[in-house]
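Working notes for the structure below.
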Amino acid sequence: MGWFQFRRYFSVGVINTLLHWVIFYLLVSLGLSQATSNLLAFLVAVTFSYFVNSKVTFNSQYSFIKYVLFTGLMGIIAFTFGLIADYFSLAGIYTLVAFSATSFVLGFIISKVFIFKDPKSE
């Protein structure tokens with residue numbers, strides 16, 4: 001189940017990343033900071049990913065509390081990456097690549113171990 005599950009998570013992640021990047025660049029082009037743009041783009045993308053992954057990848061029920069916990073934790077990371085990029089005046093692509101790679105790995109681990117944990121495996 002692990003490899004198949006990871007492949008599904010990866011497929012959802014590709015769509016999630018495209019959605020995040022498009023929204024990020026749209027918001028930056030409208031004059032928002034990278035921190036704000038990265039956080040808002042992340043919130044849209046993570047909402048998409050949460051609901052698709054809960055059903056397609058982990059075959060789990062939606063949980064508002066788990067959604068808020070996951071989104072809050074990962075949102076803090078998204079905003080922090082944007083703050084660092086703003087502080088060092090880095091190009092947006094650095095924010096997106098660094099955050100996307102980090103959130104992909106951390107997101108899978110957090111999702112599998114905590115958010116969508118199979119209650120039968122406890």
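Chain labels run A, B, ... following the order of the structure tokens; each chain numbers its residues from 1, and ligands are numbered from 1 in the order shown.
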
(Q) Report as JSON, numbers by chain all protein, DNA and RNA residues lying within 10 Å of Ile84 of chain A, evaluated on only C-alpha atoms, omitting residues in the same chain fewer than 4 positions from it. (A) {"A": [34, 35, 79, 80, 88, 89, 90, 95]}

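Excluding segment 51-65 of chain A and any residue on its chain fewer than 4 positions from it, the residues at most 9 Å away by only C-alpha atoms are Phe4, Gln5, Phe6, Arg7, Arg8, Tyr9, Val12, Val46, Thr47, Leu69, Phe70, Ser111, Lys112, Ile115, Phe116, Lys117 and Asp118 of chain A.
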
Take the selection from the previous step and output its residues with N, CA and C atoms, as a JSON list (two decimals), in the first residue's frame.
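Output (selection.json):
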[["chain", "number", "residue", "atom", "x", "y", "z"],
["A", 4, "PHE", "N", 2.05, 2.60, -3.68],
["A", 4, "PHE", "CA", 0.86, 3.03, -4.42],
["A", 4, "PHE", "C", 0.31, 4.32, -3.81],
["A", 5, "GLN", "N", 0.29, 4.37, -2.50],
["A", 5, "GLN", "CA", -0.20, 5.56, -1.79],
["A", 5, "GLN", "C", 0.71, 6.75, -2.08],
["A", 6, "PHE", "N", 2.00, 6.54, -2.07],
["A", 6, "PHE", "CA", 2.93, 7.62, -2.34],
["A", 6, "PHE", "C", 2.77, 8.14, -3.77],
["A", 7, "ARG", "N", 2.56, 7.25, -4.73],
["A", 7, "ARG", "CA", 2.36, 7.68, -6.12],
["A", 7, "ARG", "C", 1.11, 8.53, -6.25],
["A", 8, "ARG", "N", 0.05, 8.17, -5.57],
["A", 8, "ARG", "CA", -1.17, 8.99, -5.59],
["A", 8, "ARG", "C", -0.91, 10.35, -4.95],
["A", 9, "TYR", "N", -0.22, 10.34, -3.82],
["A", 9, "TYR", "CA", 0.12, 11.58, -3.13],
["A", 9, "TYR", "C", 0.97, 12.47, -4.06],
["A", 12, "VAL", "N", -1.30, 14.07, -6.82],
["A", 12, "VAL", "CA", -2.06, 15.18, -6.25],
["A", 12, "VAL", "C", -1.12, 16.35, -5.99],
["A", 46, "VAL", "N", -3.54, 23.84, -0.43],
["A", 46, "VAL", "CA", -3.64, 22.83, 0.62],
["A", 46, "VAL", "C", -5.09, 22.40, 0.82],
["A", 47, "THR", "N", -6.02, 23.29, 0.62],
["A", 47, "THR", "CA", -7.43, 22.92, 0.72],
["A", 47, "THR", "C", -7.77, 21.89, -0.35],
["A", 69, "LEU", "N", -5.52, 21.82, 11.75],
["A", 69, "LEU", "CA", -4.18, 21.55, 12.30],
["A", 69, "LEU", "C", -3.13, 21.44, 11.19],
["A", 70, "PHE", "N", -3.45, 20.67, 10.16],
["A", 70, "PHE", "CA", -2.52, 20.49, 9.05],
["A", 70, "PHE", "C", -2.28, 21.81, 8.34],
["A", 111, "SER", "N", 0.84, 13.89, 6.90],
["A", 111, "SER", "CA", -0.43, 13.29, 6.47],
["A", 111, "SER", "C", -0.52, 11.82, 6.84],
["A", 112, "LYS", "N", 0.51, 11.07, 6.51],
["A", 112, "LYS", "CA", 0.49, 9.62, 6.74],
["A", 112, "LYS", "C", 0.52, 9.27, 8.22],
["A", 115, "ILE", "N", -2.36, 12.95, 10.26],
["A", 115, "ILE", "CA", -3.64, 13.47, 9.78],
["A", 115, "ILE", "C", -4.55, 12.36, 9.26],
["A", 116, "PHE", "N", -4.04, 11.49, 8.42],
["A", 116, "PHE", "CA", -4.87, 10.44, 7.83],
["A", 116, "PHE", "C", -4.48, 9.06, 8.34],
["A", 117, "LYS", "N", -3.98, 9.00, 9.55],
["A", 117, "LYS", "CA", -3.54, 7.73, 10.15],
["A", 117, "LYS", "C", -4.70, 6.74, 10.17],
["A", 118, "ASP", "N", -4.42, 5.54, 9.72],
["A", 118, "ASP", "CA", -5.43, 4.49, 9.72],
["A", 118, "ASP", "C", -5.67, 4.02, 11.15]]

Q) Quick one: distance from atom CA of Thr36 of chain A to atom CA of Ile109 of chain A in Å, one decimal? A) 25.2 Å

Q. How would you write, as a PyMOL selection string, the set of residues in segment 6-68 of chain A that DSSP gives as alpha helix (DSSP H)?
A. chain A and resi 6-29+34-52+64-68

Can you write just those residues out, C-alpha atoms, as a PDB file, in the first residue's frame?
ATOM      1  CA  PHE A   6       2.930   7.623  -2.343  1.00  0.00           C
ATOM      2  CA  ARG A   7       2.355   7.675  -6.123  1.00  0.00           C
ATOM      3  CA  ARG A   8      -1.168   8.991  -5.590  1.00  0.00           C
ATOM      4  CA  TYR A   9       0.123  11.584  -3.134  1.00  0.00           C
ATOM      5  CA  PHE A  10       2.744  12.600  -5.688  1.00  0.00           C
ATOM      6  CA  SER A  11       0.123  12.997  -8.453  1.00  0.00           C
ATOM      7  CA  VAL A  12      -2.064  15.182  -6.253  1.00  0.00           C
ATOM      8  CA  GLY A  13       1.088  17.075  -5.264  1.00  0.00           C
ATOM      9  CA  VAL A  14       1.893  17.935  -8.877  1.00  0.00           C
ATOM     10  CA  ILE A  15      -1.536  19.538  -9.339  1.00  0.00           C
ATOM     11  CA  ASN A  16      -1.255  21.182  -5.912  1.00  0.00           C
ATOM     12  CA  THR A  17       2.142  22.650  -6.824  1.00  0.00           C
ATOM     13  CA  LEU A  18       0.919  24.048 -10.143  1.00  0.00           C
ATOM     14  CA  LEU A  19      -2.076  25.608  -8.426  1.00  0.00           C
ATOM     15  CA  HIS A  20       0.164  27.093  -5.713  1.00  0.00           C
ATOM     16  CA  TRP A  21       2.691  28.531  -8.169  1.00  0.00           C
ATOM     17  CA  VAL A  22       0.098  30.119 -10.457  1.00  0.00           C
ATOM     18  CA  ILE A  23      -1.696  31.786  -7.547  1.00  0.00           C
ATOM     19  CA  PHE A  24       1.605  32.879  -5.980  1.00  0.00           C
ATOM     20  CA  TYR A  25       2.787  34.627  -9.143  1.00  0.00           C
ATOM     21  CA  LEU A  26      -0.615  36.198  -9.713  1.00  0.00           C
ATOM     22  CA  LEU A  27      -0.636  37.667  -6.194  1.00  0.00           C
ATOM     23  CA  VAL A  28       2.992  38.852  -6.381  1.00  0.00           C
ATOM     24  CA  SER A  29       2.226  40.518  -9.713  1.00  0.00           C
ATOM     25  CA  GLN A  34       6.044  37.013  -1.069  1.00  0.00           C
ATOM     26  CA  ALA A  35       5.106  36.086   2.499  1.00  0.00           C
ATOM     27  CA  THR A  36       1.440  36.956   1.980  1.00  0.00           C
ATOM     28  CA  SER A  37       1.352  35.551  -1.563  1.00  0.00           C
ATOM     29  CA  ASN A  38       2.939  32.279  -0.490  1.00  0.00           C
ATOM     30  CA  LEU A  39       0.555  31.900   2.433  1.00  0.00           C
ATOM     31  CA  LEU A  40      -2.588  32.652   0.395  1.00  0.00           C
ATOM     32  CA  ALA A  41      -1.499  30.451  -2.520  1.00  0.00           C
ATOM     33  CA  PHE A  42      -0.686  27.696  -0.063  1.00  0.00           C
ATOM     34  CA  LEU A  43      -4.127  27.956   1.587  1.00  0.00           C
ATOM     35  CA  VAL A  44      -5.887  27.428  -1.742  1.00  0.00           C
ATOM     36  CA  ALA A  45      -3.576  24.580  -2.755  1.00  0.00           C
ATOM     37  CA  VAL A  46      -3.642  22.827   0.623  1.00  0.00           C
ATOM     38  CA  THR A  47      -7.431  22.919   0.722  1.00  0.00           C
ATOM     39  CA  PHE A  48      -7.519  21.199  -2.663  1.00  0.00           C
ATOM     40  CA  SER A  49      -4.902  18.656  -1.548  1.00  0.00           C
ATOM     41  CA  TYR A  50      -6.497  17.923   1.810  1.00  0.00           C
ATOM     42  CA  PHE A  51      -9.850  16.943   0.352  1.00  0.00           C
ATOM     43  CA  VAL A  52      -8.445  15.026  -2.628  1.00  0.00           C
ATOM     44  CA  PHE A  64     -12.332  19.856  10.175  1.00  0.00           C
ATOM     45  CA  ILE A  65     -10.010  19.763  13.191  1.00  0.00           C
ATOM     46  CA  LYS A  66      -7.337  17.790  11.329  1.00  0.00           C
ATOM     47  CA  TYR A  67      -7.718  20.093   8.317  1.00  0.00           C
ATOM     48  CA  VAL A  68      -7.175  23.150  10.534  1.00  0.00           C
TER      49      VAL A  68
END

Q: Would you mind listing what lies within 12 Å of Leu106 of chain A as a list in words, with only C-alpha atoms counted and same-chain residues fewer than 6 positions away left out?
A: Phe70, Leu73, Met74, Ile77, Ala78, Phe99, Ser100, Lys112, Val113, Phe114 and Ile115 of chain A

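Picture a line from atom CA of Val105 of chain A to atom CA of Gly82 of chain A; it runs 18.1 Å.
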
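What separates atom CA of Phe108 of chain A from atom CA of Trp3 of chain A is a distance of 12.2 Å.
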